[in-house]
Amino acid sequence: MIKLLYCIVRREDLSAEEFHRTWLVDHAPLVKSLAEALHAVRYVQSHTAHADLNAMLQSSRGGMQPAYDGITEIWWNSRADMEKALSSEAGRAASARLEEDEARFIDFARSRIFITKEHEIF
């Protein structure tokens with residue numbers, strides 16, 4: 001199993017409400033419709049919530065940067081499946097379509113994206 005994590009910061013011209021609605025209501029169905037072309041087997045959005053608790057946690061650790069607006073997780077069964085998506089015409093077209101849509105609500109310069117391998121502890 002291989003997983004992409006995408007720590008997202010919203011564009012400054014969008015309110016938190018606009019951002020979360022666009023991401024969940026508009027973008028999520030697009031991702032779902034492209035899952036086969038991407039060879040992806042799971043997609044999860046985690047939206048930042050409970051600003052008061054986030055502020056308390058950040059303060060307790062020396063004043064960390066503000067939280068991301070959310071995290072996207074996308075799973076593939078294997079690295080080979082992810083590479084199929086990156087190398088196929090359909091996968092590249094799907095990725096381009098997603099990036100185009102993401103530009104409507106994500107601040108790319110302040111967001112982060114990376115591949116992970118999980119180590120389940122409990």
# chains A, B, ... in the order shown; residues from 1 in each chain; ligands from 1
>>> select_by_dssp(residues="chain A", states="strand (DSSP E)", output="MDAnalysis selection string")
chainID A and resid 2:8 42:47 70:76 112:116
>>> select_by_dssp(residues="region 1-121 of chain A", states="helix (DSSP H, G or I)", output="JSON, numbers by chain")
{"A": [16, 17, 18, 19, 20, 21, 22, 23, 24, 25, 26, 27, 28, 29, 30, 31, 32, 33, 34, 35, 36, 37, 38, 51, 52, 53, 54, 55, 56, 57, 58, 59, 60, 79, 80, 81, 82, 83, 84, 85, 86, 87, 89, 90, 91, 92, 93, 94, 95, 96, 97, 98, 99, 100, 101, 102, 108, 109, 110]}
>>> atom_distance(atom1="CA of Leu98 (chain A)", atom2="CA of Thr48 (chain A)")
21.1 Å
>>> closest_residue(among="A:Glu89, A:Met82, A:Asp107, A:Lys117", to="Leu38 (chain A)", atoms="only C-alpha atoms")
A:Met82
>>> atom_distance(atom1="CA of Ile121 (chain A)", atom2="CA of Leu4 (chain A)")
19.2 Å
>>> closest_residue(among="A:Leu24, A:Glu36, A:Ser88, A:Ile115", to="Glu73 (chain A)", atoms="only C-alpha atoms")
A:Ile115
>>> atom_distance(atom1="CA of Arg110 (chain A)", atom2="CA of Ala94 (chain A)")
22.9 Å
>>> closest_residue(among="A:Ala28, A:Ala35, A:Ala40, A:Ala49", to="Met1 (chain A)", atoms="only C-alpha atoms")
A:Ala40
>>> decode(residues="region 75-89 of chain A", atoms="all heavy atoms", output="PDB file, in the first residue's frame")
ATOM      1  N   TRP A  75      -4.915   6.523  -1.625  1.00  0.00           N
ATOM      2  CA  TRP A  75      -4.215   5.248  -1.526  1.00  0.00           C
ATOM      3  C   TRP A  75      -4.177   4.526  -2.870  1.00  0.00           C
ATOM      4  O   TRP A  75      -5.125   4.584  -3.657  1.00  0.00           O
ATOM      5  CB  TRP A  75      -4.945   4.310  -0.567  1.00  0.00           C
ATOM      6  CG  TRP A  75      -4.741   4.536   0.884  1.00  0.00           C
ATOM      7  CD1 TRP A  75      -3.893   3.862   1.707  1.00  0.00           C
ATOM      8  CD2 TRP A  75      -5.438   5.464   1.723  1.00  0.00           C
ATOM      9  NE1 TRP A  75      -4.020   4.320   2.998  1.00  0.00           N
ATOM     10  CE2 TRP A  75      -4.958   5.303   3.033  1.00  0.00           C
ATOM     11  CE3 TRP A  75      -6.417   6.422   1.488  1.00  0.00           C
ATOM     12  CZ2 TRP A  75      -5.426   6.050   4.102  1.00  0.00           C
ATOM     13  CZ3 TRP A  75      -6.881   7.181   2.548  1.00  0.00           C
ATOM     14  CH2 TRP A  75      -6.378   6.979   3.833  1.00  0.00           C
ATOM     15  N   TRP A  76      -3.079   3.823  -3.088  1.00  0.00           N
ATOM     16  CA  TRP A  76      -2.918   2.874  -4.187  1.00  0.00           C
ATOM     17  C   TRP A  76      -2.494   1.546  -3.583  1.00  0.00           C
ATOM     18  O   TRP A  76      -1.829   1.520  -2.540  1.00  0.00           O
ATOM     19  CB  TRP A  76      -1.831   3.340  -5.157  1.00  0.00           C
ATOM     20  CG  TRP A  76      -2.225   4.526  -5.977  1.00  0.00           C
ATOM     21  CD1 TRP A  76      -2.776   4.510  -7.217  1.00  0.00           C
ATOM     22  CD2 TRP A  76      -2.083   5.908  -5.621  1.00  0.00           C
ATOM     23  NE1 TRP A  76      -2.984   5.800  -7.663  1.00  0.00           N
ATOM     24  CE2 TRP A  76      -2.574   6.680  -6.684  1.00  0.00           C
ATOM     25  CE3 TRP A  76      -1.600   6.577  -4.489  1.00  0.00           C
ATOM     26  CZ2 TRP A  76      -2.595   8.067  -6.672  1.00  0.00           C
ATOM     27  CZ3 TRP A  76      -1.624   7.964  -4.469  1.00  0.00           C
ATOM     28  CH2 TRP A  76      -2.116   8.687  -5.549  1.00  0.00           C
ATOM     29  N   ASN A  77      -2.849   0.466  -4.237  1.00  0.00           N
ATOM     30  CA  ASN A  77      -2.464  -0.856  -3.734  1.00  0.00           C
ATOM     31  C   ASN A  77      -0.962  -1.069  -3.781  1.00  0.00           C
ATOM     32  O   ASN A  77      -0.419  -1.837  -2.991  1.00  0.00           O
ATOM     33  CB  ASN A  77      -3.175  -1.964  -4.506  1.00  0.00           C
ATOM     34  CG  ASN A  77      -4.617  -2.103  -4.072  1.00  0.00           C
ATOM     35  OD1 ASN A  77      -4.947  -1.922  -2.904  1.00  0.00           O
ATOM     36  ND2 ASN A  77      -5.480  -2.401  -5.018  1.00  0.00           N
ATOM     37  N   SER A  78      -0.294  -0.395  -4.726  1.00  0.00           N
ATOM     38  CA  SER A  78       1.148  -0.591  -4.866  1.00  0.00           C
ATOM     39  C   SER A  78       1.768   0.617  -5.565  1.00  0.00           C
ATOM     40  O   SER A  78       1.071   1.412  -6.194  1.00  0.00           O
ATOM     41  CB  SER A  78       1.439  -1.840  -5.706  1.00  0.00           C
ATOM     42  OG  SER A  78       1.005  -1.637  -7.047  1.00  0.00           O
ATOM     43  N   ARG A  79       3.070   0.697  -5.470  1.00  0.00           N
ATOM     44  CA  ARG A  79       3.804   1.736  -6.200  1.00  0.00           C
ATOM     45  C   ARG A  79       3.569   1.563  -7.706  1.00  0.00           C
ATOM     46  O   ARG A  79       3.417   2.547  -8.434  1.00  0.00           O
ATOM     47  CB  ARG A  79       5.296   1.644  -5.866  1.00  0.00           C
ATOM     48  CG  ARG A  79       6.120   2.646  -6.611  1.00  0.00           C
ATOM     49  CD  ARG A  79       7.591   2.536  -6.306  1.00  0.00           C
ATOM     50  NE  ARG A  79       8.317   3.431  -7.172  1.00  0.00           N
ATOM     51  CZ  ARG A  79       9.314   4.191  -6.803  1.00  0.00           C
ATOM     52  NH1 ARG A  79       9.756   4.148  -5.561  1.00  0.00           N
ATOM     53  NH2 ARG A  79       9.912   4.986  -7.658  1.00  0.00           N
ATOM     54  N   ALA A  80       3.530   0.313  -8.157  1.00  0.00           N
ATOM     55  CA  ALA A  80       3.309   0.053  -9.582  1.00  0.00           C
ATOM     56  C   ALA A  80       1.973   0.636 -10.050  1.00  0.00           C
ATOM     57  O   ALA A  80       1.893   1.192 -11.152  1.00  0.00           O
ATOM     58  CB  ALA A  80       3.376  -1.445  -9.854  1.00  0.00           C
ATOM     59  N   ASP A  81       0.935   0.517  -9.222  1.00  0.00           N
ATOM     60  CA  ASP A  81      -0.367   1.088  -9.589  1.00  0.00           C
ATOM     61  C   ASP A  81      -0.295   2.609  -9.692  1.00  0.00           C
ATOM     62  O   ASP A  81      -0.870   3.213 -10.596  1.00  0.00           O
ATOM     63  CB  ASP A  81      -1.440   0.690  -8.583  1.00  0.00           C
ATOM     64  CG  ASP A  81      -1.907  -0.740  -8.751  1.00  0.00           C
ATOM     65  OD1 ASP A  81      -1.599  -1.361  -9.789  1.00  0.00           O
ATOM     66  OD2 ASP A  81      -2.597  -1.244  -7.834  1.00  0.00           O
ATOM     67  N   MET A  82       0.414   3.227  -8.761  1.00  0.00           N
ATOM     68  CA  MET A  82       0.559   4.676  -8.826  1.00  0.00           C
ATOM     69  C   MET A  82       1.358   5.080 -10.068  1.00  0.00           C
ATOM     70  O   MET A  82       1.018   6.044 -10.749  1.00  0.00           O
ATOM     71  CB  MET A  82       1.234   5.216  -7.569  1.00  0.00           C
ATOM     72  CG  MET A  82       1.302   6.724  -7.558  1.00  0.00           C
ATOM     73  SD  MET A  82       2.118   7.340  -6.087  1.00  0.00           S
ATOM     74  CE  MET A  82       1.833   9.080  -6.277  1.00  0.00           C
ATOM     75  N   GLU A  83       2.409   4.324 -10.354  1.00  0.00           N
ATOM     76  CA  GLU A  83       3.219   4.626 -11.538  1.00  0.00           C
ATOM     77  C   GLU A  83       2.417   4.441 -12.822  1.00  0.00           C
ATOM     78  O   GLU A  83       2.620   5.193 -13.781  1.00  0.00           O
ATOM     79  CB  GLU A  83       4.475   3.766 -11.543  1.00  0.00           C
ATOM     80  CG  GLU A  83       5.470   4.217 -10.478  1.00  0.00           C
ATOM     81  CD  GLU A  83       6.675   3.303 -10.338  1.00  0.00           C
ATOM     82  OE1 GLU A  83       6.623   2.135 -10.792  1.00  0.00           O
ATOM     83  OE2 GLU A  83       7.671   3.766  -9.751  1.00  0.00           O
ATOM     84  N   LYS A  84       1.492   3.473 -12.853  1.00  0.00           N
ATOM     85  CA  LYS A  84       0.602   3.312 -14.010  1.00  0.00           C
ATOM     86  C   LYS A  84      -0.197   4.590 -14.232  1.00  0.00           C
ATOM     87  O   LYS A  84      -0.368   5.043 -15.364  1.00  0.00           O
ATOM     88  CB  LYS A  84      -0.360   2.144 -13.804  1.00  0.00           C
ATOM     89  CG  LYS A  84       0.226   0.785 -13.991  1.00  0.00           C
ATOM     90  CD  LYS A  84      -0.866  -0.252 -13.758  1.00  0.00           C
ATOM     91  CE  LYS A  84      -0.271  -1.602 -13.428  1.00  0.00           C
ATOM     92  NZ  LYS A  84      -1.303  -2.572 -13.036  1.00  0.00           N
ATOM     93  N   ALA A  85      -0.706   5.142 -13.141  1.00  0.00           N
ATOM     94  CA  ALA A  85      -1.493   6.375 -13.246  1.00  0.00           C
ATOM     95  C   ALA A  85      -0.639   7.529 -13.759  1.00  0.00           C
ATOM     96  O   ALA A  85      -1.090   8.324 -14.584  1.00  0.00           O
ATOM     97  CB  ALA A  85      -2.100   6.721 -11.893  1.00  0.00           C
ATOM     98  N   LEU A  86       0.597   7.607 -13.279  1.00  0.00           N
ATOM     99  CA  LEU A  86       1.470   8.706 -13.685  1.00  0.00           C
ATOM    100  C   LEU A  86       1.970   8.574 -15.118  1.00  0.00           C
ATOM    101  O   LEU A  86       2.318   9.572 -15.753  1.00  0.00           O
ATOM    102  CB  LEU A  86       2.673   8.796 -12.735  1.00  0.00           C
ATOM    103  CG  LEU A  86       2.352   9.141 -11.281  1.00  0.00           C
ATOM    104  CD1 LEU A  86       3.607   9.014 -10.417  1.00  0.00           C
ATOM    105  CD2 LEU A  86       1.755  10.533 -11.167  1.00  0.00           C
ATOM    106  N   SER A  87       2.008   7.345 -15.624  1.00  0.00           N
ATOM    107  CA  SER A  87       2.578   7.133 -16.952  1.00  0.00           C
ATOM    108  C   SER A  87       1.535   6.930 -18.053  1.00  0.00           C
ATOM    109  O   SER A  87       1.860   7.052 -19.229  1.00  0.00           O
ATOM    110  CB  SER A  87       3.535   5.931 -16.931  1.00  0.00           C
ATOM    111  OG  SER A  87       2.826   4.746 -16.615  1.00  0.00           O
ATOM    112  N   SER A  88       0.301   6.637 -17.687  1.00  0.00           N
ATOM    113  CA  SER A  88      -0.718   6.406 -18.719  1.00  0.00           C
ATOM    114  C   SER A  88      -1.316   7.726 -19.191  1.00  0.00           C
ATOM    115  O   SER A  88      -1.361   8.711 -18.439  1.00  0.00           O
ATOM    116  CB  SER A  88      -1.834   5.503 -18.181  1.00  0.00           C
ATOM    117  OG  SER A  88      -2.646   6.215 -17.263  1.00  0.00           O
ATOM    118  N   GLU A  89      -1.793   7.730 -20.401  1.00  0.00           N
ATOM    119  CA  GLU A  89      -2.429   8.926 -20.946  1.00  0.00           C
ATOM    120  C   GLU A  89      -3.655   9.304 -20.124  1.00  0.00           C
ATOM    121  O   GLU A  89      -3.858  10.475 -19.787  1.00  0.00           O
ATOM    122  CB  GLU A  89      -2.816   8.701 -22.411  1.00  0.00           C
ATOM    123  CG  GLU A  89      -3.343   9.939 -23.088  1.00  0.00           C
ATOM    124  CD  GLU A  89      -3.600   9.715 -24.570  1.00  0.00           C
ATOM    125  OE1 GLU A  89      -2.862   8.957 -25.205  1.00  0.00           O
ATOM    126  OE2 GLU A  89      -4.552  10.339 -25.078  1.00  0.00           O
TER     127      GLU A  89
END
